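K.L.:
First, the structure itself, so that you have it in front of you.
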There are 2 protein chains.
Amino acid sequence: MITVLRIGHRPQRDKRITTHVALVARAFGADRIVISEDDERIRDTIASVVRSWGGSFSVEFKSWRSFLSTFDGTVVHLTMYGVPFEEAMDEVRDAPGDLCIVVGAEKVPPEIYQRATHNLAVGNQPHSEVSALALFLDRYFKGAEFSRRYPGAQMRIEPCARGKNVVGVNNGGAHDDT
Amino acid sequence: MITVLRIGHRPQRDKRITTHVALVARAFGADRIVISEDDERIRDTIASVVRSWGGSFSVEFKSWRSFLSTFDGTVVHLTMYGVPFEEAMDEVRDAPGDLCIVVGAEKVPPEIYQRATHNLAVGNQPHSEVSALALFLDRYFKGAEFSRRYPGAQMRIEPCARGKNVVGVNNGGAHDDT
């Protein structure tokens, strides 16, 4: 199981960025996001995406301290100050147990750097937790994230050279949209 | 030259997302971002990043219609409705002339789908223009974007397994930070 742990979310300032982090988590193959501060609007947005586009991604709210105190598995903290992420990828992929990927907003408590199994940098230039998470999961799944299935979707996209082609999916119970 | 064209920017709603798009453009190897609506705060933020971290990335404001009317080169529009981006990557990389990558906010005018040389999807699930741009540029540069140099930086990061190690760079004129 892959959990993205989003810390430092400030509801006014970060709503859209955290929503994009959650969408990337889902689209690139994580199973759930745990957000360290309550924000029901994000849960509603993601629930609506899951209803339409399928899969079983979930949103939970829990303090990072509480979550990490009982988490048993590999903790990857994505930070521009870390070591190059690709150097640790095989080790992370081969580690037994669950994976937790921590992505912070601007200030990350020093405890996180200590608690993490790996502090990994997706490049050492400033960019975004949205892109850092996407690149990490892309390398973790070796590009296979784009052919994932999302069972239970109400609709799916037929790729199209010009314009939009969205197809309704008739969900008769245990239907798979692919 | 690689230009990212950000369309549909709404200053109140999109400031932080557009800032992240600009940071990804810079960190993943584009040369400039053209934003279709004025927002000087974004120019200031990015100018400050360039001063600290180097390179020559620029921010310009121009309507997309005006920009594209005189642009001569390949136009890639990133959209979840498009064809799989990796299928077109060799063709885009080998095309002569400049490259413009269009990333929209929520609504993209139909003219963009027509004007684009390629409408490309980074997966057909909803995620983020921030992650879509990062993945596209990552594949375009085949991962080499993480070893780019950013001349003129005031500081740079020494990768570090725990914590932060930022080193000041003594810029004696044409100093290169790497």
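Letters for chains follow the order of the structure tokens (A, B, ...), residue numbers begin at 1 for each chain, and ligand numbers begin at 1 in the order shown.
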Write out as an NGL selection string all residues of range 41-135 of chain B that DSSP puts in helix (DSSP H, G or I) for this structure's backbone.
P.N.:
:B and (41-53 or 64-70 or 85-94 or 110-115 or 129-135)
K.L.:
Which residues of chain A are close to chain B, meaning at most 6 Å apart when you count only C-alpha atoms, and how do they look as a list in words?
P.N.:
His20, Leu23, Val24, Ala27, Tyr81, Gly82, Val83, Tyr113, Asn119, Gly123, Gln125, His127, Ser128, Val130, Ser131, Ala134, Phe146, Pro159, Cys160, Ala161, Arg162, Gly163 and Lys164 of chain A
K.L.:
Any chance you could list, as a list in words, the residues in range 98-134 of chain A that come up strand (DSSP E or B) when DSSP is run on the backbone?
P.N.:
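Here is the list: Asp98, Leu99, Cys100, Ile101, Val102, Val103, Gly104, His118, Asn119, Leu120 and Ala121 of chain A.
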K.L.:
Give me, as a PyMOL selection string, all polymer residues having an atom no more than 9 Å from Phe67 in chain B, counting only C-alpha atoms and skipping those fewer than 5 positions away in the same chain.
P.N.:
chain B and resi 5+34+36+62
K.L.:
In Å, with one decimal, what is the gap from CA of Thr3 in chain B to CA of Tyr140 in chain B?
P.N.:
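Computing the Euclidean distance for CA of Thr3 in chain B and CA of Tyr140 in chain B yields 13.5 Å.
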K.L.:
Hey, what's within 10 Å of Arg139 in chain A if we count only C-alpha atoms and toss same-chain stuff fewer than 5 positions away? As a PDB file with N, CA and C atoms, in the first residue's frame, please?
P.N.:
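Below you can see part-v2.pdb, which holds the result:
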ATOM      1  N   PHE A  85      16.919  11.295  -6.077  1.00  0.00           N
ATOM      2  CA  PHE A  85      15.898  10.261  -5.839  1.00  0.00           C
ATOM      3  C   PHE A  85      16.159   8.986  -6.602  1.00  0.00           C
ATOM      4  N   GLU A  86      16.764   9.100  -7.776  1.00  0.00           N
ATOM      5  CA  GLU A  86      16.920   7.894  -8.584  1.00  0.00           C
ATOM      6  C   GLU A  86      17.939   6.924  -7.976  1.00  0.00           C
ATOM      7  N   MET A  89      15.992   4.524  -5.706  1.00  0.00           N
ATOM      8  CA  MET A  89      14.726   3.976  -6.201  1.00  0.00           C
ATOM      9  C   MET A  89      14.636   2.453  -6.102  1.00  0.00           C
ATOM     10  N   ASP A  90      15.720   1.766  -6.472  1.00  0.00           N
ATOM     11  CA  ASP A  90      15.666   0.292  -6.410  1.00  0.00           C
ATOM     12  C   ASP A  90      15.469  -0.165  -4.967  1.00  0.00           C
ATOM     13  N   ARG A  93      11.905   0.445  -3.927  1.00  0.00           N
ATOM     14  CA  ARG A  93      10.981  -0.472  -4.607  1.00  0.00           C
ATOM     15  C   ARG A  93      11.076  -1.878  -4.025  1.00  0.00           C
ATOM     16  N   ALA A 134       4.918  13.416  -8.660  1.00  0.00           N
ATOM     17  CA  ALA A 134       4.668  12.761  -9.945  1.00  0.00           C
ATOM     18  C   ALA A 134       5.922  12.063 -10.467  1.00  0.00           C
ATOM     19  N   ALA A 144       4.674   2.585 -15.806  1.00  0.00           N
ATOM     20  CA  ALA A 144       3.484   1.736 -15.941  1.00  0.00           C
ATOM     21  C   ALA A 144       2.239   2.363 -15.323  1.00  0.00           C
ATOM     22  N   GLU A 145       2.410   3.494 -14.595  1.00  0.00           N
ATOM     23  CA  GLU A 145       1.253   4.145 -13.977  1.00  0.00           C
ATOM     24  C   GLU A 145       0.247   4.622 -15.020  1.00  0.00           C
TER      25      GLU A 145
END
K.L.:
From the set B:Arg6, B:Asp44, B:Arg32, B:Glu106, which residue has the shortest atom-to-atom contact distance to His77 in chain B, counting only C-alpha atoms?
P.N.:
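With only C-alpha atoms as the atom set, the closest residue is B:Arg6.
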K.L.:
To one decimal place in Å, what is the distance between CA of Ile101 in chain B and CA of Arg41 in chain B?
P.N.:
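Calculated distance between CA of Ile101 in chain B and CA of Arg41 in chain B is 22.2 Å.
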K.L.:
From the list B:Asp31, B:Asp39, B:Asp72, B:Asp94, which residue is nearest His9 in chain B when using only C-alpha atoms?
P.N.:
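Of B:Asp31, B:Asp39, B:Asp72, B:Asp94, the one nearest His9 in chain B, counting only C-alpha atoms, is B:Asp39.
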